[in-house]
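Chemist: Got work_10.txt for you, compact mmCIF, C-alpha atoms:
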```txt
# COMPACT_ATOMS: atom_id res chain seq x y z
CA MET A 1 6.91 -21.54 -16.14
CA ASN A 2 9.30 -22.57 -18.87
CA LYS A 3 12.09 -20.58 -20.52
CA LYS A 4 9.83 -19.27 -23.29
CA ASP A 5 7.48 -17.73 -20.73
CA HIS A 6 10.38 -16.01 -18.94
CA ASP A 7 10.12 -13.28 -21.58
CA THR A 8 6.82 -12.21 -19.96
CA VAL A 9 8.66 -11.56 -16.70
CA PHE A 10 11.41 -9.57 -18.37
CA LYS A 11 8.89 -7.60 -20.42
CA HIS A 12 6.74 -6.82 -17.38
CA THR A 13 9.50 -5.88 -14.97
CA GLY A 14 11.93 -4.17 -17.32
CA TYR A 15 14.71 -6.46 -16.08
CA LYS A 16 16.93 -8.38 -18.48
CA ARG A 17 18.01 -11.96 -17.89
CA GLU A 18 21.59 -10.84 -17.25
CA ASP A 19 20.44 -8.41 -14.55
CA PHE A 20 19.97 -11.43 -12.30
CA SER A 21 23.53 -12.63 -12.87
CA VAL A 22 24.55 -10.41 -9.95
CA CYS A 23 22.57 -12.61 -7.57
CA LEU A 24 25.32 -14.72 -6.09
CA GLY A 25 23.43 -16.36 -3.31
CA CYS A 26 23.97 -14.13 -0.30
CA LYS A 27 20.43 -15.10 0.82
CA ILE A 28 19.94 -11.74 2.51
CA CYS A 29 16.52 -11.60 0.80
CA ALA A 30 15.57 -14.87 2.47
CA SER A 31 16.83 -13.67 5.83
CA VAL A 32 14.46 -10.70 5.83
CA CYS A 33 11.54 -12.18 3.85
CA THR A 34 8.21 -11.68 5.62
CA ALA A 35 7.02 -15.06 4.33
CA ASN A 36 9.66 -16.59 6.59
CA ASP A 37 8.01 -14.92 9.59
CA LEU A 38 5.23 -17.33 8.67
CA ALA A 39 7.65 -20.26 8.83
CA LEU A 40 7.33 -20.89 5.09
CA ASN A 41 11.08 -21.39 4.69
CA VAL A 42 11.32 -19.65 1.31
CA ASN A 43 14.28 -18.29 -0.57
CA PRO A 44 13.34 -15.56 -3.08
CA GLN A 45 16.71 -16.06 -4.73
CA ASP A 46 15.52 -19.42 -6.16
CA ILE A 47 13.21 -17.54 -8.52
CA LEU A 48 15.90 -15.09 -9.67
CA ILE A 49 18.37 -17.91 -10.31
CA SER A 50 15.80 -19.94 -12.28
CA LEU A 51 15.09 -16.91 -14.44
CA PHE A 52 18.79 -16.23 -14.98
CA MET A 53 19.60 -19.85 -15.79
CA GLY A 54 16.57 -20.20 -18.07
CA GLU A 55 15.21 -22.97 -15.88
CA GLU A 56 11.63 -23.83 -15.05
CA VAL A 57 10.15 -21.63 -12.30
CA ASN A 58 8.23 -23.90 -10.00
CA ALA A 59 4.57 -22.84 -10.01
CA ASP A 60 4.29 -24.26 -6.49
CA HIS A 61 7.00 -21.99 -5.07
CA ALA A 62 5.43 -20.75 -1.83
CA LEU A 63 6.37 -17.13 -2.54
CA LEU A 64 4.10 -17.01 -5.58
CA ARG A 65 1.10 -17.28 -3.28
CA ASN A 66 2.49 -15.76 -0.10
CA CYS A 67 4.61 -12.74 -1.08
CA THR A 68 3.23 -9.81 0.90
CA ASN A 69 4.81 -7.12 -1.31
CA CYS A 70 6.69 -5.76 1.71
CA TYR A 71 9.90 -5.02 -0.27
CA ARG A 72 12.07 -5.99 2.70
CA CYS A 73 14.04 -8.13 0.23
CA THR A 74 14.59 -5.20 -2.12
CA TYR A 75 15.62 -2.96 0.75
CA ALA A 76 18.21 -5.48 1.92
CA CYS A 77 19.41 -6.63 -1.51
CA PRO A 78 22.89 -5.29 -2.38
CA TRP A 79 21.60 -4.82 -5.94
CA ASN A 80 18.22 -3.39 -4.95
CA ILE A 81 16.42 -6.01 -7.07
CA ARG A 82 12.68 -5.50 -6.90
CA ILE A 83 11.83 -9.10 -6.14
CA PRO A 84 8.12 -8.50 -5.35
CA GLU A 85 7.68 -7.09 -8.87
CA VAL A 86 9.44 -10.12 -10.34
CA ILE A 87 7.10 -12.36 -8.34
CA ARG A 88 4.03 -10.44 -9.52
CA ALA A 89 5.20 -10.81 -13.12
CA VAL A 90 5.82 -14.55 -12.65
CA ARG A 91 2.32 -14.88 -11.17
CA GLU A 92 0.88 -13.16 -14.20
CA GLY A 93 2.95 -15.34 -16.54
CA LEU A 94 1.57 -18.40 -14.78
CA ALA A 95 -1.95 -16.95 -14.75
CA ILE A 96 -2.08 -17.16 -10.95
CA GLU A 97 -4.81 -14.76 -9.88
CA SER A 98 -6.82 -14.80 -6.65
CA GLU A 99 -10.56 -14.17 -6.51
CA PHE A 100 -9.79 -10.82 -4.92
CA GLU A 101 -7.44 -9.77 -7.70
CA LYS A 102 -10.06 -10.76 -10.30
CA ALA A 103 -12.70 -8.69 -8.50
CA PHE A 104 -10.30 -5.76 -8.15
CA LYS A 105 -9.58 -5.68 -11.86
CA GLY A 106 -13.26 -6.24 -12.63
CA SER A 107 -14.10 -3.10 -10.70
CA LEU A 108 -11.47 -1.14 -12.61
CA ARG A 109 -12.90 -2.38 -15.91
CA ILE A 110 -16.38 -1.16 -14.97
CA TRP A 111 -15.65 2.10 -13.14
CA GLY A 112 -11.92 2.83 -13.41
CA ARG A 113 -11.83 2.75 -9.60
CA VAL A 114 -12.10 0.17 -6.87
CA TYR A 115 -15.67 0.15 -5.65
CA GLU A 116 -15.48 -1.76 -2.37
CA PRO A 117 -19.13 -2.96 -2.24
CA TYR A 118 -18.61 -4.58 -5.66
CA ILE A 119 -15.47 -6.34 -4.42
CA PHE A 120 -17.34 -7.65 -1.36
CA LEU A 121 -20.13 -8.90 -3.57
CA LYS A 122 -17.77 -10.62 -6.01
CA VAL A 123 -15.79 -12.37 -3.28
CA GLY A 124 -18.88 -13.03 -1.18
CA THR A 125 -18.55 -16.82 -1.33
CA LEU A 126 -14.95 -16.59 -0.23
CA LEU A 127 -15.91 -14.30 2.66
CA VAL A 128 -18.42 -16.84 3.89
CA LYS A 129 -16.27 -19.90 3.26
CA GLU A 130 -13.11 -18.49 4.81
CA GLY A 131 -14.79 -17.10 7.91
CA TYR A 132 -14.48 -13.37 7.25
CA LEU A 133 -18.06 -12.64 8.27
CA LYS A 134 -17.22 -12.56 11.97
CA TYR A 135 -15.16 -9.43 11.34
CA MET A 136 -18.01 -7.55 9.66
CA THR A 137 -18.97 -5.67 12.81
CA LYS A 138 -15.45 -4.29 13.08
CA TRP A 139 -15.51 -3.21 9.43
CA THR A 140 -18.81 -1.40 9.80
CA GLU A 141 -17.19 0.81 12.48
CA TYR A 142 -15.18 2.65 9.86
CA MET A 143 -16.54 1.82 6.42
CA SER A 144 -18.78 4.28 4.68
CA PHE A 145 -21.11 3.68 1.78
CA HIS A 146 -21.09 5.74 -1.38
CA LEU A 147 -22.29 5.30 -4.94
CA PRO A 148 -19.71 4.39 -7.57
CA HIS A 149 -18.17 7.00 -9.84
CA LYS A 150 -17.44 6.02 -13.42
CA VAL A 151 -14.23 7.53 -14.75
CA LYS A 152 -14.44 9.16 -18.19
CA GLY A 153 -12.48 7.67 -21.08
CA LEU A 154 -12.59 4.23 -19.49
CA LYS A 155 -12.16 2.36 -22.77
CA SER A 156 -8.85 3.97 -23.50
CA LEU A 157 -7.72 3.70 -19.85
CA ASN A 158 -8.51 -0.03 -19.80
CA SER A 159 -6.81 -0.64 -23.07
CA SER A 160 -3.65 1.27 -22.11
CA SER A 161 -3.37 -0.52 -18.77
CA GLY A 162 -3.93 -3.98 -20.21
CA LEU A 163 -7.33 -4.47 -18.58
CA ASN A 164 -9.13 -5.15 -21.83
CA GLY A 165 -7.12 -8.03 -23.19
CA SER A 166 -5.87 -11.16 -21.50
CA LYS A 167 -2.39 -10.63 -20.24
CA GLY A 168 -0.02 -13.24 -19.01
CA ARG A 169 1.29 -16.01 -21.21
CA PRO A 170 2.45 -14.56 -24.51
CA MET B 1 -0.65 26.90 -0.86
CA ASP B 2 -2.69 24.87 -3.35
CA TYR B 3 -2.14 21.12 -3.70
CA ALA B 4 -3.69 18.74 -6.21
CA TYR B 5 -5.37 16.08 -4.09
CA TYR B 6 -5.55 12.40 -4.99
CA PRO B 7 -7.77 10.60 -2.45
CA GLY B 8 -7.58 7.18 -4.12
CA CYS B 9 -10.19 4.44 -3.92
CA SER B 10 -9.98 3.36 -0.28
CA LEU B 11 -10.27 6.94 0.99
CA THR B 12 -13.72 7.17 -0.58
CA GLY B 13 -14.85 4.07 1.37
CA SER B 14 -13.10 2.10 4.07
CA ALA B 15 -10.57 4.86 4.82
CA ARG B 16 -13.00 7.77 4.68
CA LYS B 17 -11.80 8.83 8.12
CA LEU B 18 -8.26 9.34 6.84
CA ASP B 19 -9.59 11.39 3.94
CA LYS B 20 -11.62 13.65 6.21
CA GLY B 21 -8.75 14.02 8.67
CA VAL B 22 -6.17 14.98 6.04
CA ARG B 23 -8.54 17.49 4.43
CA ARG B 24 -9.18 19.12 7.82
CA ILE B 25 -5.48 19.30 8.75
CA PHE B 26 -4.52 20.95 5.48
CA LYS B 27 -7.39 23.40 5.86
CA MET B 28 -6.29 24.27 9.41
CA LEU B 29 -2.81 24.96 8.04
CA GLY B 30 -4.25 27.32 5.44
CA HIS B 31 -3.66 25.05 2.45
CA THR B 32 -6.18 24.14 -0.21
CA LEU B 33 -6.55 20.57 -1.42
CA LYS B 34 -8.02 20.60 -4.92
CA GLU B 35 -9.26 17.14 -5.80
CA ILE B 36 -7.91 15.90 -9.14
CA PRO B 37 -10.94 15.77 -11.44
CA ASP B 38 -12.10 12.32 -12.50
CA TRP B 39 -9.09 10.55 -10.96
CA ASN B 40 -8.79 6.80 -11.56
CA CYS B 41 -7.37 3.93 -9.50
CA CYS B 42 -3.57 3.95 -9.10
CA GLY B 43 -3.40 0.16 -9.58
CA ALA B 44 -2.41 -0.63 -5.97
CA PHE B 45 -0.46 -3.92 -5.84
CA GLU B 46 -2.53 -5.87 -8.30
CA PHE B 47 -0.65 -5.68 -11.59
CA GLY B 48 2.04 -8.02 -12.82
CA ASP B 49 3.20 -5.57 -15.46
CA ARG B 50 4.92 -2.55 -13.96
CA LYS B 51 4.08 -0.56 -17.09
CA ASP B 52 0.35 -0.98 -16.39
CA LEU B 53 0.79 0.57 -12.96
CA VAL B 54 2.79 3.42 -14.41
CA LYS B 55 0.10 4.01 -17.05
CA LEU B 56 -2.75 4.08 -14.52
CA SER B 57 -0.92 6.40 -12.14
CA GLY B 58 0.54 8.43 -14.99
CA GLU B 59 -3.00 9.14 -16.15
CA ASN B 60 -3.73 10.67 -12.73
CA LEU B 61 -0.66 12.86 -12.99
CA ARG B 62 -1.84 13.97 -16.42
CA LYS B 63 -5.19 14.90 -14.89
CA ALA B 64 -3.38 16.79 -12.11
CA GLN B 65 -1.63 19.06 -14.59
CA GLY B 66 -3.09 22.51 -14.28
CA VAL B 67 -4.65 21.76 -10.89
CA ALA B 68 -1.46 22.44 -8.92
CA SER B 69 2.22 21.64 -9.25
CA GLU B 70 2.34 19.57 -6.06
CA VAL B 71 0.21 16.48 -5.52
CA VAL B 72 -0.84 15.06 -2.15
CA ALA B 73 -1.94 11.41 -1.89
CA PRO B 74 -2.61 10.13 1.66
CA CYS B 75 -2.80 6.39 0.91
CA PRO B 76 0.82 5.10 0.96
CA ALA B 77 0.22 2.67 -1.93
CA CYS B 78 -1.25 5.49 -4.04
CA SER B 79 1.51 7.97 -3.22
CA ARG B 80 4.11 5.28 -3.96
CA ASN B 81 2.56 4.49 -7.35
CA LEU B 82 2.17 8.16 -8.26
CA LYS B 83 5.80 8.85 -7.30
CA GLU B 84 6.94 5.94 -9.46
CA ALA B 85 4.87 7.16 -12.40
CA ASN B 86 6.25 10.68 -12.08
CA GLU B 87 9.12 9.77 -14.35
CA ASP B 88 9.79 13.18 -15.88
CA ASP B 89 9.41 14.93 -12.48
CA ASN B 90 6.95 17.47 -13.86
CA LEU B 91 5.08 17.49 -10.58
CA LYS B 92 6.03 16.93 -6.99
CA VAL B 93 4.19 14.02 -5.37
CA TYR B 94 3.86 13.72 -1.60
CA ASN B 95 2.35 11.50 0.98
CA PRO B 96 1.25 13.84 3.82
CA LEU B 97 3.92 12.21 6.02
CA ASP B 98 6.53 13.52 3.55
CA LEU B 99 5.33 16.99 4.44
CA PHE B 100 4.47 16.71 8.14
CA SER B 101 7.76 18.10 9.43
CA LYS B 102 7.88 20.16 12.65
CA ASP B 103 8.12 23.25 10.50
CA PHE B 104 5.16 22.33 8.26
CA LEU B 105 2.92 21.61 11.26
CA SER B 106 4.08 24.67 13.21
CA GLY B 107 0.93 26.50 12.16
CA LEU B 108 -1.18 24.20 14.32
CA VAL B 109 -2.19 25.37 17.77
CA MET B 110 -1.90 22.53 20.26
CA LYS B 111 -4.67 22.54 22.82
CA ARG B 112 -3.81 19.24 24.50
CA ASP B 113 -0.64 17.49 25.51
CA LEU B 114 -0.04 13.74 25.60
CA LYS B 115 1.77 13.47 28.94
CA GLY B 116 1.55 10.04 30.51
CA GLN B 117 0.33 8.39 27.31
CA VAL B 118 2.12 5.71 25.33
CA PHE B 119 1.97 5.36 21.55
CA THR B 120 3.25 2.77 19.11
CA PRO B 121 3.84 4.50 15.77
CA TYR B 122 3.43 1.88 13.05
CA TYR B 123 4.44 2.75 9.49
CA GLY B 124 4.29 -0.66 7.81
CA CYS B 125 5.99 -1.34 4.50
CA VAL B 126 5.01 1.09 1.80
CA LEU B 127 5.95 4.31 3.60
CA PHE B 128 9.51 3.01 4.00
CA ARG B 129 10.04 0.81 0.97
CA PRO B 130 11.17 0.89 -1.82
CA LYS B 131 13.85 3.44 -0.85
CA GLU B 132 13.15 5.58 -3.91
CA THR B 133 9.64 6.47 -2.74
CA ALA B 134 10.15 6.34 1.06
CA ILE B 135 9.18 9.17 3.38
CA PRO B 136 12.22 11.29 4.29
CA ASN B 137 11.79 11.19 8.07
CA PRO B 138 11.25 7.69 9.49
CA ASN B 139 10.45 9.16 12.91
CA VAL B 140 7.85 11.73 11.94
CA MET B 141 5.13 10.30 14.19
CA GLU B 142 7.53 9.67 17.10
CA GLU B 143 8.79 13.26 17.00
CA PHE B 144 5.26 14.60 17.01
CA VAL B 145 4.06 12.62 20.03
CA THR B 146 7.24 12.99 22.10
CA ALA B 147 7.14 16.76 21.59
CA LEU B 148 3.76 16.63 23.32
CA GLY B 149 5.10 14.62 26.24
CA ALA B 150 4.11 11.08 25.23
CA ASP B 151 6.24 7.95 25.40
CA VAL B 152 6.91 5.79 22.37
CA ALA B 153 7.01 1.98 22.15
CA GLY B 154 7.22 -0.78 19.54
CA GLU B 155 10.26 0.55 17.68
CA LYS B 156 11.23 -2.90 16.39
CA MET B 157 7.88 -3.47 14.73
CA LYS B 158 7.34 -0.09 13.10
CA ASP B 159 8.42 -1.19 9.62
CA ARG B 160 7.32 -4.83 9.74
CA CYS B 161 4.65 -6.11 7.39
CA CYS B 162 1.07 -6.54 8.59
CA GLY B 163 0.29 -8.79 5.62
CA GLY B 164 -2.43 -6.41 4.47
CA ALA B 165 -1.87 -7.17 0.78
CA GLN B 166 -2.77 -10.79 1.53
CA PHE B 167 -5.91 -9.91 3.47
CA PHE B 168 -8.37 -11.40 0.96
CA ILE B 169 -5.94 -13.99 -0.37
CA ASN B 170 -4.42 -15.76 2.65
CA LYS B 171 -6.28 -14.52 5.71
CA GLY B 172 -4.20 -16.74 7.99
CA ASN B 173 -0.99 -14.99 6.86
CA THR B 174 -2.43 -11.55 7.56
CA GLU B 175 -3.73 -12.65 10.94
CA LYS B 176 -0.36 -14.04 12.05
CA LEU B 177 1.63 -11.03 10.84
CA SER B 178 -0.83 -8.50 12.25
CA ARG B 179 -0.95 -10.27 15.59
CA MET B 180 2.86 -10.16 15.79
CA ILE B 181 2.67 -6.38 15.50
CA LEU B 182 -0.28 -6.03 17.85
CA ASP B 183 1.39 -8.21 20.49
CA GLN B 184 4.51 -6.03 20.48
CA SER B 185 2.63 -2.75 20.68
CA LYS B 186 1.89 -0.68 23.77
CA GLY B 187 -0.71 1.99 24.29
CA THR B 188 -2.34 3.44 21.20
CA ILE B 189 -1.17 2.32 17.77
CA LEU B 190 -0.73 5.19 15.32
CA LEU B 191 -0.74 4.49 11.61
CA PHE B 192 -1.32 6.14 8.27
CA CYS B 193 -2.00 3.28 5.84
CA PRO B 194 -5.61 2.19 5.13
CA LEU B 195 -4.52 -1.37 4.40
CA CYS B 196 -2.58 -1.65 7.69
CA GLN B 197 -5.54 -0.09 9.50
CA MET B 198 -7.91 -2.71 8.08
CA ALA B 199 -5.57 -5.61 8.87
CA LEU B 200 -4.67 -4.52 12.40
CA LYS B 201 -8.20 -3.48 13.29
CA THR B 202 -9.64 -6.76 12.02
CA PHE B 203 -7.29 -8.88 14.09
CA SER B 204 -7.15 -6.63 17.15
CA ILE B 205 -8.60 -7.75 20.46
CA ASN B 206 -8.54 -4.72 22.73
CA GLU B 207 -5.80 -2.69 21.09
CA LYS B 208 -6.59 0.89 20.22
CA ILE B 209 -5.67 1.77 16.63
CA VAL B 210 -6.02 5.28 15.21
CA TYR B 211 -4.89 7.23 12.20
CA PHE B 212 -2.13 9.74 12.93
CA SER B 213 -4.42 12.35 11.39
CA ASP B 214 -6.99 11.60 14.14
CA LEU B 215 -4.34 12.25 16.78
CA ILE B 216 -3.51 15.61 15.20
CA LEU B 217 -7.19 16.56 15.24
CA TYR B 218 -7.40 15.50 18.89
CA VAL B 219 -4.40 17.47 20.15
CA THR B 220 -5.49 20.56 18.25
CA GLY B 221 -8.88 20.36 19.93
CA GLU B 222 -10.71 19.71 16.66
CA GLU B 223 -11.94 16.41 18.07
CA ASN B 224 -12.74 15.70 21.69
CA LYS B 225 -12.17 11.97 21.59
CA LEU B 226 -9.26 9.97 20.31
```
Please express what this file holds, its structure, as structure tokens.

Modeler:
Amino acid sequence: MNKKDHDTVFKHTGYKREDFSVCLGCKICASVCTANDLALNVNPQDILISLFMGEEVNADHALLRNCTNCYRCTYACPWNIRIPEVIRAVREGLAIESEFEKAFKGSLRIWGRVYEPYIFLKVGTLLVKEGYLKYMTKWTEYMSFHLPHKVKGLKSLNSSSGLNGSKGRP
Amino acid sequence: MDYAYYPGCSLTGSARKLDKGVRRIFKMLGHTLKEIPDWNCCGAFEFGDRKDLVKLSGENLRKAQGVASEVVAPCPACSRNLKEANEDDNLKVYNPLDLFSKDFLSGLVMKRDLKGQVFTPYYGCVLFRPKETAIPNPNVMEEFVTALGADVAGEKMKDRCCGGAQFFINKGNTEKLSRMILDQSKGTILLFCPLCQMALKTFSINEKIVYFSDLILYVTGEENKL
């Protein structure tokens, strides 16, 4: 993600470039980051500093694909910076979207709600390929089937929440 | 008292049990949950633009106007998003755990105690973070079970992440994080988040995992099995 695309992140998060000037490298975010429980050895501060300095954000930064949205970083940060939201905005700027996220938004476009059977259908190949099927019996213990409900005024809802157009790179 | 009720998407499917439990508890306490008509998804964690989340959840708050002045949303991700969208504070938005104080639950008649039992209350991330939308009492489940004579375990893991948001993205991450929590737990795991429930249940071996609402129904004699 180059400097020009940084504007997407600032627009999406409401932060300004100078807001990240307060990040002085205490690394407290890294010390509590859940991704480091997975031995990924990440430092969320790298992303904030790149955005502040106007430098390229590395699309291969492990946090872009492994952030769990736990907000432990935000909780610990002396400036309360909402790093998971910055990461989500960077992902969108880089058009990084998992099959699940695509299915999730697809369901919202059709019904305005998440209809779980639709999600399962859309990510069916992934479920088979990644070995999720062995858990199916556990899921059937508590899942219940229902027909989808279509929310009224969907067109305007989709357009106001950016689901109609392609978001991401400006 | 009347509350506007926002079940959210998972409570109509995979977390139906939580939905039913919360509705029954509020009914037992003499409150009415009035479902927000034609509610839409809150946006969960899936949007890169914060404004999109606020718009989706704000639409639900608009639909709640006139239903009641206080909104209850059991799913922690939904209650978090609704709280964040409630920018002009027109309504009050609660997760049931915001409300489940000793005083609020005092109307329940306990028909069972929990002596000799051990519970691991597990809150996960969203009920505690960000600070602005966190539940006010981080020991609400502990206080409930200890008052009924139970022992509590797993304190260190109660706010750790189960990796639920990565469940369909990086299964291996969710498995490792969930197993860390499961391995440190003792007795029955109590939780309130549908995403945590799905992650922990999927990667559990023999661990017993129940919604806190199920425990309330059990001790009040509404259910005979936990």

Chemist: May I have the protein, DNA and RNA residues with any atom at most 12 Å from the point (11.3, 11.2, 17.2), counting all atoms listed in the file, written as a VMD selection string?

Modeler: chain B and resid 101 to 102 119 to 121 137 to 153 155

Chemist: Store the residues of this selection in a file with C-alpha atoms, as an mmCIF file, keeping the file's coordinate frame.

Modeler:
```
data_model
loop_
_atom_site.group_PDB
_atom_site.id
_atom_site.type_symbol
_atom_site.label_atom_id
_atom_site.label_comp_id
_atom_site.auth_asym_id
_atom_site.auth_seq_id
_atom_site.Cartn_x
_atom_site.Cartn_y
_atom_site.Cartn_z
ATOM 1 C CA SER B 101 7.760 18.100 9.430
ATOM 2 C CA LYS B 102 7.880 20.160 12.650
ATOM 3 C CA PHE B 119 1.970 5.360 21.550
ATOM 4 C CA THR B 120 3.250 2.770 19.110
ATOM 5 C CA PRO B 121 3.840 4.500 15.770
ATOM 6 C CA ASN B 137 11.790 11.190 8.070
ATOM 7 C CA PRO B 138 11.250 7.690 9.490
ATOM 8 C CA ASN B 139 10.450 9.160 12.910
ATOM 9 C CA VAL B 140 7.850 11.730 11.940
ATOM 10 C CA MET B 141 5.130 10.300 14.190
ATOM 11 C CA GLU B 142 7.530 9.670 17.100
ATOM 12 C CA GLU B 143 8.790 13.260 17.000
ATOM 13 C CA PHE B 144 5.260 14.600 17.010
ATOM 14 C CA VAL B 145 4.060 12.620 20.030
ATOM 15 C CA THR B 146 7.240 12.990 22.100
ATOM 16 C CA ALA B 147 7.140 16.760 21.590
ATOM 17 C CA LEU B 148 3.760 16.630 23.320
ATOM 18 C CA GLY B 149 5.100 14.620 26.240
ATOM 19 C CA ALA B 150 4.110 11.080 25.230
ATOM 20 C CA ASP B 151 6.240 7.950 25.400
ATOM 21 C CA VAL B 152 6.910 5.790 22.370
ATOM 22 C CA ALA B 153 7.010 1.980 22.150
ATOM 23 C CA GLU B 155 10.260 0.550 17.680
#
```

Chemist: Looking at all atoms listed in the file, which of B:Glu207, B:Asp214, B:Glu87, B:Glu59 is the one that sits closest to chain A?

Modeler: B:Glu59

Chemist: Give me, as JSON lines, each residue of chain A that comes within 8 Å of chain B, together with its shortest interatomic pair and the distance in Å at one decimal, counting all atoms listed in the file, with rows ordered by chain and rising residue number.

Modeler:
```
{"residue": "A:Lys11", "atom": "CA", "partner": "B:Asp49", "partner_atom": "CA", "distance": 7.8}
{"residue": "A:His12", "atom": "CA", "partner": "B:Asp49", "partner_atom": "CA", "distance": 4.2}
{"residue": "A:Thr13", "atom": "CA", "partner": "B:Arg50", "partner_atom": "CA", "distance": 5.8}
{"residue": "A:Gly14", "atom": "CA", "partner": "B:Arg50", "partner_atom": "CA", "distance": 7.9}
{"residue": "A:Thr34", "atom": "CA", "partner": "B:Cys161", "partner_atom": "CA", "distance": 6.8}
{"residue": "A:Asp37", "atom": "CA", "partner": "B:Leu177", "partner_atom": "CA", "distance": 7.6}
{"residue": "A:Leu38", "atom": "CA", "partner": "B:Asn173", "partner_atom": "CA", "distance": 6.9}
{"residue": "A:Asn66", "atom": "CA", "partner": "B:Gln166", "partner_atom": "CA", "distance": 7.4}
{"residue": "A:Thr68", "atom": "CA", "partner": "B:Gly163", "partner_atom": "CA", "distance": 5.7}
{"residue": "A:Asn69", "atom": "CA", "partner": "B:Ala165", "partner_atom": "CA", "distance": 7.0}
{"residue": "A:Cys70", "atom": "CA", "partner": "B:Cys125", "partner_atom": "CA", "distance": 5.3}
{"residue": "A:Tyr71", "atom": "CA", "partner": "B:Arg129", "partner_atom": "CA", "distance": 6.0}
{"residue": "A:Arg72", "atom": "CA", "partner": "B:Arg129", "partner_atom": "CA", "distance": 7.3}
{"residue": "A:Thr74", "atom": "CA", "partner": "B:Pro130", "partner_atom": "CA", "distance": 7.0}
{"residue": "A:Tyr75", "atom": "CA", "partner": "B:Pro130", "partner_atom": "CA", "distance": 6.4}
{"residue": "A:Glu85", "atom": "CA", "partner": "B:Gly48", "partner_atom": "CA", "distance": 6.9}
{"residue": "A:Arg88", "atom": "CA", "partner": "B:Gly48", "partner_atom": "CA", "distance": 4.6}
{"residue": "A:Ala89", "atom": "CA", "partner": "B:Gly48", "partner_atom": "CA", "distance": 4.2}
{"residue": "A:Val90", "atom": "CA", "partner": "B:Gly48", "partner_atom": "CA", "distance": 7.5}
{"residue": "A:Arg91", "atom": "CA", "partner": "B:Gly48", "partner_atom": "CA", "distance": 7.1}
{"residue": "A:Glu92", "atom": "CA", "partner": "B:Gly48", "partner_atom": "CA", "distance": 5.4}
{"residue": "A:Ser98", "atom": "CA", "partner": "B:Ile169", "partner_atom": "CA", "distance": 6.4}
{"residue": "A:Glu99", "atom": "CA", "partner": "B:Ile169", "partner_atom": "CA", "distance": 7.7}
{"residue": "A:Phe100", "atom": "CA", "partner": "B:Phe168", "partner_atom": "CA", "distance": 6.1}
{"residue": "A:Glu101", "atom": "CA", "partner": "B:Glu46", "partner_atom": "CA", "distance": 6.3}
{"residue": "A:Phe104", "atom": "CA", "partner": "B:Glu46", "partner_atom": "CA", "distance": 7.8}
{"residue": "A:Lys105", "atom": "CA", "partner": "B:Glu46", "partner_atom": "CA", "distance": 7.9}
{"residue": "A:Leu108", "atom": "CA", "partner": "B:Cys41", "partner_atom": "CA", "distance": 7.2}
{"residue": "A:Gly112", "atom": "CA", "partner": "B:Asn40", "partner_atom": "CA", "distance": 5.4}
{"residue": "A:Arg113", "atom": "CA", "partner": "B:Cys41", "partner_atom": "CA", "distance": 4.6}
{"residue": "A:Val114", "atom": "CA", "partner": "B:Cys9", "partner_atom": "CA", "distance": 5.5}
{"residue": "A:Tyr115", "atom": "CA", "partner": "B:Cys9", "partner_atom": "CA", "distance": 7.2}
{"residue": "A:Glu116", "atom": "CA", "partner": "B:Gly13", "partner_atom": "CA", "distance": 7.0}
{"residue": "A:Glu130", "atom": "CA", "partner": "B:Lys171", "partner_atom": "CA", "distance": 8.0}
{"residue": "A:Tyr135", "atom": "CA", "partner": "B:Thr202", "partner_atom": "CA", "distance": 6.2}
{"residue": "A:Lys138", "atom": "CA", "partner": "B:Thr202", "partner_atom": "CA", "distance": 6.4}
{"residue": "A:Trp139", "atom": "CA", "partner": "B:Thr202", "partner_atom": "CA", "distance": 7.3}
{"residue": "A:Tyr142", "atom": "CA", "partner": "B:Ser14", "partner_atom": "CA", "distance": 6.2}
{"residue": "A:Met143", "atom": "CA", "partner": "B:Ser14", "partner_atom": "CA", "distance": 4.2}
{"residue": "A:Ser144", "atom": "CA", "partner": "B:Gly13", "partner_atom": "CA", "distance": 5.1}
{"residue": "A:Phe145", "atom": "CA", "partner": "B:Gly13", "partner_atom": "CA", "distance": 6.3}
{"residue": "A:His146", "atom": "CA", "partner": "B:Gly13", "partner_atom": "CA", "distance": 7.0}
{"residue": "A:Val151", "atom": "CA", "partner": "B:Asp38", "partner_atom": "CA", "distance": 5.7}
{"residue": "A:Lys152", "atom": "CA", "partner": "B:Asp38", "partner_atom": "CA", "distance": 6.9}
{"residue": "A:Leu157", "atom": "CA", "partner": "B:Leu56", "partner_atom": "CA", "distance": 7.3}
{"residue": "A:Ser160", "atom": "CA", "partner": "B:Lys55", "partner_atom": "CA", "distance": 6.9}
{"residue": "A:Ser161", "atom": "CA", "partner": "B:Asp52", "partner_atom": "CA", "distance": 4.4}
{"residue": "A:Gly162", "atom": "CA", "partner": "B:Asp52", "partner_atom": "CA", "distance": 6.5}
```

Chemist: So how many Å separate CA of Cys196 (chain B) and CA of Pro76 (chain B), to one decimal?

Modeler: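 Taking CA of Cys196 (chain B) as the start and CA of Pro76 (chain B) as the end point, the length is 10.1 Å.
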
Chemist: Find the axis-aligned box for region 20-32 of chain B, covering all its listed atoms and adding 5 Å on each side, and write its centre and edge lengths in Å to one decimal as JSON.

Modeler:
```
{"center_x": -7.2, "center_y": 20.5, "center_z": 4.6, "size_x": 18.8, "size_y": 23.7, "size_z": 19.6}
```

Chemist: Rounded to one decimal, what separation in Å do you get between CA of Arg82 (chain A) and CA of Cys78 (chain B)?

Modeler: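 Separation of CA of Arg82 (chain A) and CA of Cys78 (chain B): 18.0 Å.
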
Chemist: For the atom pair CA of Ser107 (chain A) and CA of Ala62 (chain A), what is the interatomic distance in Å to one decimal place?

Modeler: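 Result for CA of Ser107 (chain A) versus CA of Ala62 (chain A): 27.8 Å, one decimal.
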